[in-house]
$ cat query05.txt   # compact mmCIF, N, CA and C atoms and all ligand atoms
# COMPACT_ATOMS: atom_id res chain seq x y z
N MET A 1 -9.50 7.87 -4.87
CA MET A 1 -8.31 7.02 -4.78
C MET A 1 -7.38 7.56 -3.69
N ALA A 2 -6.85 6.64 -2.90
CA ALA A 2 -5.98 7.04 -1.79
C ALA A 2 -4.67 7.61 -2.32
N GLU A 3 -4.15 8.61 -1.62
CA GLU A 3 -2.85 9.17 -1.94
C GLU A 3 -1.93 8.94 -0.76
N TYR A 4 -0.66 8.69 -1.02
CA TYR A 4 0.30 8.38 0.03
C TYR A 4 1.41 9.41 0.06
N ILE A 5 1.87 9.69 1.28
CA ILE A 5 2.92 10.68 1.49
C ILE A 5 4.00 10.06 2.36
N GLU A 6 5.26 10.29 1.99
CA GLU A 6 6.37 9.78 2.79
C GLU A 6 6.57 10.69 4.00
N ARG A 7 6.64 10.10 5.20
CA ARG A 7 6.68 10.85 6.45
C ARG A 7 7.83 11.86 6.49
N GLU A 8 9.06 11.41 6.25
CA GLU A 8 10.22 12.31 6.36
C GLU A 8 10.16 13.42 5.30
N ALA A 9 9.69 13.06 4.10
CA ALA A 9 9.56 14.07 3.04
C ALA A 9 8.50 15.10 3.43
N LEU A 10 7.42 14.65 4.09
CA LEU A 10 6.36 15.56 4.52
C LEU A 10 6.88 16.55 5.56
N ILE A 11 7.63 16.04 6.54
CA ILE A 11 8.17 16.91 7.59
C ILE A 11 9.06 17.99 6.97
N LYS A 12 9.94 17.57 6.05
CA LYS A 12 10.85 18.51 5.38
C LYS A 12 10.05 19.52 4.56
N PHE A 13 9.04 19.04 3.83
CA PHE A 13 8.23 19.90 2.96
C PHE A 13 7.47 20.94 3.79
N VAL A 14 6.87 20.49 4.90
CA VAL A 14 6.09 21.40 5.74
C VAL A 14 7.00 22.46 6.36
N LYS A 15 8.20 22.04 6.81
CA LYS A 15 9.14 23.02 7.39
C LYS A 15 9.54 24.08 6.37
N GLN A 16 9.69 23.66 5.11
CA GLN A 16 10.13 24.59 4.07
C GLN A 16 8.98 25.43 3.50
N ASN A 17 7.75 24.94 3.62
CA ASN A 17 6.62 25.60 2.95
C ASN A 17 5.54 26.13 3.87
N THR A 18 5.82 26.16 5.16
CA THR A 18 4.84 26.70 6.10
C THR A 18 5.26 28.11 6.50
N PRO A 19 4.55 29.10 5.99
CA PRO A 19 4.91 30.48 6.33
C PRO A 19 4.41 30.86 7.72
N ASP A 20 5.17 31.68 8.37
CA ASP A 20 4.71 32.23 9.64
C ASP A 20 3.87 33.46 9.35
N ILE A 21 2.72 33.59 10.01
CA ILE A 21 1.90 34.79 9.87
C ILE A 21 2.04 35.56 11.18
N ASN A 22 2.63 36.73 11.08
CA ASN A 22 2.91 37.55 12.26
C ASN A 22 3.68 36.76 13.32
N GLY A 23 4.65 35.97 12.85
CA GLY A 23 5.49 35.21 13.77
C GLY A 23 4.81 33.98 14.34
N GLU A 24 3.66 33.62 13.78
CA GLU A 24 2.92 32.49 14.31
C GLU A 24 2.57 31.53 13.17
N THR A 25 2.81 30.26 13.38
CA THR A 25 2.42 29.25 12.39
C THR A 25 1.09 28.66 12.83
N THR A 26 0.09 28.85 12.00
CA THR A 26 -1.24 28.34 12.36
C THR A 26 -1.46 26.96 11.77
N ILE A 27 -2.45 26.25 12.29
CA ILE A 27 -2.79 24.93 11.76
C ILE A 27 -3.22 25.05 10.30
N GLU A 28 -3.81 26.19 9.92
CA GLU A 28 -4.19 26.40 8.52
C GLU A 28 -2.96 26.48 7.62
N CYS A 29 -1.87 27.09 8.14
CA CYS A 29 -0.62 27.15 7.36
C CYS A 29 -0.09 25.74 7.12
N VAL A 30 -0.14 24.91 8.16
CA VAL A 30 0.37 23.54 8.04
C VAL A 30 -0.52 22.74 7.08
N GLU A 31 -1.83 22.89 7.21
CA GLU A 31 -2.75 22.17 6.33
C GLU A 31 -2.51 22.56 4.88
N ARG A 32 -2.33 23.85 4.61
CA ARG A 32 -2.09 24.31 3.25
C ARG A 32 -0.81 23.68 2.69
N ALA A 33 0.23 23.60 3.52
CA ALA A 33 1.50 23.00 3.07
C ALA A 33 1.31 21.52 2.77
N ILE A 34 0.58 20.81 3.65
CA ILE A 34 0.35 19.37 3.43
C ILE A 34 -0.42 19.15 2.14
N ARG A 35 -1.45 19.97 1.91
CA ARG A 35 -2.26 19.80 0.69
C ARG A 35 -1.46 20.11 -0.58
N ALA A 36 -0.44 20.95 -0.45
CA ALA A 36 0.37 21.31 -1.61
C ALA A 36 1.43 20.26 -1.92
N MET A 37 1.69 19.36 -0.97
CA MET A 37 2.75 18.37 -1.18
C MET A 37 2.32 17.32 -2.20
N PRO A 38 3.20 17.01 -3.17
CA PRO A 38 2.85 15.95 -4.13
C PRO A 38 2.82 14.58 -3.46
N ALA A 39 1.91 13.72 -3.93
CA ALA A 39 1.79 12.37 -3.38
C ALA A 39 2.98 11.53 -3.83
N ALA A 40 3.33 10.55 -3.00
CA ALA A 40 4.42 9.64 -3.33
C ALA A 40 3.97 8.66 -4.41
N ASP A 41 4.92 8.19 -5.19
CA ASP A 41 4.63 7.24 -6.26
C ASP A 41 4.77 5.83 -5.69
N VAL A 42 3.66 5.30 -5.18
CA VAL A 42 3.70 3.97 -4.55
C VAL A 42 2.59 3.09 -5.12
N VAL A 43 2.76 1.82 -4.96
CA VAL A 43 1.76 0.85 -5.38
C VAL A 43 1.17 0.23 -4.11
N GLU A 44 -0.16 0.18 -4.05
CA GLU A 44 -0.82 -0.38 -2.89
C GLU A 44 -0.55 -1.89 -2.83
N VAL A 45 -0.21 -2.38 -1.64
CA VAL A 45 0.08 -3.81 -1.46
C VAL A 45 -1.23 -4.58 -1.33
N ARG A 46 -1.39 -5.61 -2.15
CA ARG A 46 -2.54 -6.50 -2.05
C ARG A 46 -2.12 -7.69 -1.21
N HIS A 47 -3.04 -8.22 -0.42
CA HIS A 47 -2.76 -9.39 0.40
C HIS A 47 -3.64 -10.53 -0.05
N GLY A 48 -3.05 -11.72 -0.15
CA GLY A 48 -3.82 -12.90 -0.55
C GLY A 48 -3.29 -14.13 0.13
N LYS A 49 -3.82 -15.27 -0.26
CA LYS A 49 -3.31 -16.54 0.24
C LYS A 49 -3.50 -17.60 -0.82
N TRP A 50 -2.66 -18.63 -0.73
CA TRP A 50 -2.81 -19.76 -1.63
C TRP A 50 -3.94 -20.63 -1.11
N ILE A 51 -4.88 -20.96 -1.97
CA ILE A 51 -6.03 -21.78 -1.60
C ILE A 51 -5.88 -23.15 -2.27
N GLU A 52 -5.99 -24.20 -1.47
CA GLU A 52 -5.92 -25.56 -2.03
C GLU A 52 -7.11 -25.78 -2.94
N ASP A 53 -6.83 -26.28 -4.15
CA ASP A 53 -7.87 -26.53 -5.13
C ASP A 53 -7.51 -27.85 -5.82
N TYR A 54 -7.98 -28.96 -5.26
CA TYR A 54 -7.54 -30.31 -5.67
C TYR A 54 -6.03 -30.37 -5.57
N GLU A 55 -5.33 -30.72 -6.65
CA GLU A 55 -3.87 -30.82 -6.54
C GLU A 55 -3.18 -29.49 -6.88
N PHE A 56 -3.98 -28.44 -7.03
CA PHE A 56 -3.43 -27.14 -7.37
C PHE A 56 -3.54 -26.16 -6.20
N PHE A 57 -2.88 -25.05 -6.34
CA PHE A 57 -3.05 -23.93 -5.42
C PHE A 57 -3.50 -22.73 -6.24
N LYS A 58 -4.48 -22.02 -5.69
CA LYS A 58 -5.07 -20.90 -6.41
C LYS A 58 -4.86 -19.61 -5.62
N CYS A 59 -4.50 -18.53 -6.30
CA CYS A 59 -4.37 -17.22 -5.66
C CYS A 59 -5.76 -16.72 -5.28
N SER A 60 -5.93 -16.32 -4.03
CA SER A 60 -7.24 -15.85 -3.57
C SER A 60 -7.64 -14.52 -4.22
N GLU A 61 -6.68 -13.80 -4.80
CA GLU A 61 -6.97 -12.47 -5.35
C GLU A 61 -7.29 -12.48 -6.84
N CYS A 62 -6.58 -13.31 -7.60
CA CYS A 62 -6.78 -13.27 -9.05
C CYS A 62 -7.14 -14.63 -9.65
N GLY A 63 -7.06 -15.70 -8.83
CA GLY A 63 -7.42 -17.01 -9.32
C GLY A 63 -6.31 -17.74 -10.06
N TYR A 64 -5.11 -17.15 -10.09
CA TYR A 64 -3.97 -17.79 -10.74
C TYR A 64 -3.77 -19.19 -10.16
N LEU A 65 -3.64 -20.19 -11.02
CA LEU A 65 -3.47 -21.58 -10.58
C LEU A 65 -2.04 -22.04 -10.78
N THR A 66 -1.53 -22.79 -9.80
CA THR A 66 -0.21 -23.38 -9.93
C THR A 66 -0.27 -24.76 -9.29
N ASP A 67 0.64 -25.64 -9.69
CA ASP A 67 0.61 -26.98 -9.12
C ASP A 67 1.49 -27.10 -7.87
N TYR A 68 2.10 -26.02 -7.46
CA TYR A 68 2.84 -26.03 -6.21
C TYR A 68 2.85 -24.62 -5.64
N ARG A 69 2.97 -24.53 -4.32
CA ARG A 69 3.01 -23.23 -3.68
C ARG A 69 4.36 -22.60 -3.97
N LEU A 70 4.37 -21.48 -4.68
CA LEU A 70 5.63 -20.95 -5.14
C LEU A 70 6.33 -20.02 -4.19
N SER A 71 5.69 -18.98 -3.85
CA SER A 71 6.44 -17.89 -3.24
C SER A 71 5.56 -17.07 -2.33
N LYS A 72 6.15 -16.04 -1.79
CA LYS A 72 5.43 -15.13 -0.91
C LYS A 72 4.62 -14.12 -1.70
N PHE A 73 4.76 -14.14 -3.04
CA PHE A 73 4.00 -13.23 -3.90
C PHE A 73 3.38 -14.03 -5.05
N CYS A 74 2.17 -13.64 -5.45
CA CYS A 74 1.56 -14.26 -6.62
C CYS A 74 2.30 -13.75 -7.86
N PRO A 75 2.77 -14.65 -8.73
CA PRO A 75 3.51 -14.20 -9.91
C PRO A 75 2.62 -13.50 -10.93
N ASP A 76 1.30 -13.65 -10.80
CA ASP A 76 0.40 -13.04 -11.78
C ASP A 76 -0.06 -11.64 -11.36
N CYS A 77 -0.61 -11.51 -10.15
CA CYS A 77 -1.15 -10.20 -9.73
C CYS A 77 -0.26 -9.48 -8.72
N GLY A 78 0.76 -10.14 -8.20
CA GLY A 78 1.69 -9.50 -7.28
C GLY A 78 1.22 -9.45 -5.84
N ALA A 79 0.08 -10.11 -5.51
CA ALA A 79 -0.41 -10.09 -4.13
C ALA A 79 0.62 -10.71 -3.20
N LYS A 80 0.74 -10.12 -2.01
CA LYS A 80 1.64 -10.64 -0.99
C LYS A 80 0.90 -11.74 -0.25
N MET A 81 1.45 -12.95 -0.27
CA MET A 81 0.78 -14.07 0.34
C MET A 81 1.13 -14.14 1.82
N ASN A 82 0.09 -14.37 2.64
CA ASN A 82 0.33 -14.36 4.09
C ASN A 82 0.83 -15.68 4.63
N GLY A 83 1.05 -16.64 3.75
CA GLY A 83 1.65 -17.90 4.17
C GLY A 83 0.66 -18.97 4.56
N LYS A 84 -0.59 -18.60 4.81
CA LYS A 84 -1.59 -19.58 5.20
C LYS A 84 -2.25 -20.16 3.95
N VAL A 85 -2.51 -21.42 3.95
CA VAL A 85 -3.22 -22.06 2.87
C VAL A 85 -4.59 -22.46 3.39
N GLY A 86 -5.62 -21.96 2.76
CA GLY A 86 -6.96 -22.23 3.24
C GLY A 86 -7.78 -22.98 2.24
N ALA A 87 -8.92 -23.49 2.70
CA ALA A 87 -9.86 -24.13 1.79
C ALA A 87 -10.56 -23.03 0.98
N ASP A 88 -11.17 -23.43 -0.15
CA ASP A 88 -11.77 -22.44 -1.05
C ASP A 88 -12.91 -21.67 -0.38
N ASN A 89 -13.60 -22.28 0.57
CA ASN A 89 -14.71 -21.58 1.22
C ASN A 89 -14.28 -20.90 2.52
N ALA A 90 -12.98 -20.80 2.79
CA ALA A 90 -12.49 -20.18 4.03
C ALA A 90 -12.60 -18.68 3.96
ZN ZN A 101 -2.80 -13.43 -7.89

$ encode --input "query05.txt" --output "C-alpha cells"
Amino acid sequence: MAEYIEREALIKFVKQNTPDINGETTIECVERAIRAMPAADVVEVRHGKWIEDYEFFKCSECGYLTDYRLSKFCPDCGAKMNGKVGADNA
C-alpha cells in the first residue's frame, strides 16, 4: 500500500533528524531520516465520470445510479468526477 508524506513536514523532519557523521551528512543519513518519518494521514483520490445509462447517469467507479448529474463527486464512493460524460463502453 502506498504511503504519503507531506513535503514541508518531510523537509523539517529531515533537518531535525539527520545526524552529521564527522561533520558530513551522507545520503544514508537522509534515507534513514526519511524512512523514520511517519506517513501522512491521507485518502487516495479516486477519479471517475458520469456515464449515460438510458435516462440515468452511472458512476464509472461504483455503479451508483442517479437520474441527474449531481456534482463533481460521487455521493456514494466519493470519486472525483472529471466532468466528462461518456457512453458505457467508452
Ligand atoms: Zn461512485

$ residues_near_ligand --input "query05.txt" --ligand "ligand ZN 101 (chain A)" --cutoff "7 Å" --atoms "only N, CA and C atoms and all ligand atoms" --output "VMD selection string"
chain A and resid 58 to 64 73 to 79

$ write_last_selection --input "query05.txt" --atoms "N, CA and C atoms" --output "compact mmCIF listing (two decimals), in the coordinates of the input"
# COMPACT_ATOMS: atom_id res chain seq x y z
N LYS A 58 -4.48 -22.02 -5.69
CA LYS A 58 -5.07 -20.90 -6.41
C LYS A 58 -4.86 -19.61 -5.62
N CYS A 59 -4.50 -18.53 -6.30
CA CYS A 59 -4.37 -17.22 -5.66
C CYS A 59 -5.76 -16.72 -5.28
N SER A 60 -5.93 -16.32 -4.03
CA SER A 60 -7.24 -15.85 -3.57
C SER A 60 -7.64 -14.52 -4.22
N GLU A 61 -6.68 -13.80 -4.80
CA GLU A 61 -6.97 -12.47 -5.35
C GLU A 61 -7.29 -12.48 -6.84
N CYS A 62 -6.58 -13.31 -7.60
CA CYS A 62 -6.78 -13.27 -9.05
C CYS A 62 -7.14 -14.63 -9.65
N GLY A 63 -7.06 -15.70 -8.83
CA GLY A 63 -7.42 -17.01 -9.32
C GLY A 63 -6.31 -17.74 -10.06
N TYR A 64 -5.11 -17.15 -10.09
CA TYR A 64 -3.97 -17.79 -10.74
C TYR A 64 -3.77 -19.19 -10.16
N PHE A 73 4.76 -14.14 -3.04
CA PHE A 73 4.00 -13.23 -3.90
C PHE A 73 3.38 -14.03 -5.05
N CYS A 74 2.17 -13.64 -5.45
CA CYS A 74 1.56 -14.26 -6.62
C CYS A 74 2.30 -13.75 -7.86
N PRO A 75 2.77 -14.65 -8.73
CA PRO A 75 3.51 -14.20 -9.91
C PRO A 75 2.62 -13.50 -10.93
N ASP A 76 1.30 -13.65 -10.80
CA ASP A 76 0.40 -13.04 -11.78
C ASP A 76 -0.06 -11.64 -11.36
N CYS A 77 -0.61 -11.51 -10.15
CA CYS A 77 -1.15 -10.20 -9.73
C CYS A 77 -0.26 -9.48 -8.72
N GLY A 78 0.76 -10.14 -8.20
CA GLY A 78 1.69 -9.50 -7.28
C GLY A 78 1.22 -9.45 -5.84
N ALA A 79 0.08 -10.11 -5.51
CA ALA A 79 -0.41 -10.09 -4.13
C ALA A 79 0.62 -10.71 -3.20

$ residues_around --input "query05.txt" --residues "Lys80 (chain A)" --least-positions-apart "5" --cutoff "8 Å" --atoms "only N, CA and C atoms" --output "list in words"
Val45, Arg46, His47, Gly48, Lys49, Trp50, Ser71, Lys72, Phe73 and Cys74 of chain A

$ select_by_dssp --input "query05.txt" --residues "region 12-59 of chain A" --states "alpha helix (DSSP H)" --output "number ranges by chain"
A: 12-17, 27-36

$ residues_around --input "query05.txt" --residues "region 28-32 of chain A" --least-positions-apart "6" --cutoff "8 Å" --atoms "only N, CA and C atoms" --output "number ranges by chain"
A: 14, 17-21

$ atom_distance --input "query05.txt" --atom1 "atom N of Leu65 (chain A)" --atom2 "atom C of Glu44 (chain A)"
20.3 Å

$ atom_distance --input "query05.txt" --atom1 "atom N of Glu52 (chain A)" --atom2 "CA of Asp67 (chain A)"
10.5 Å
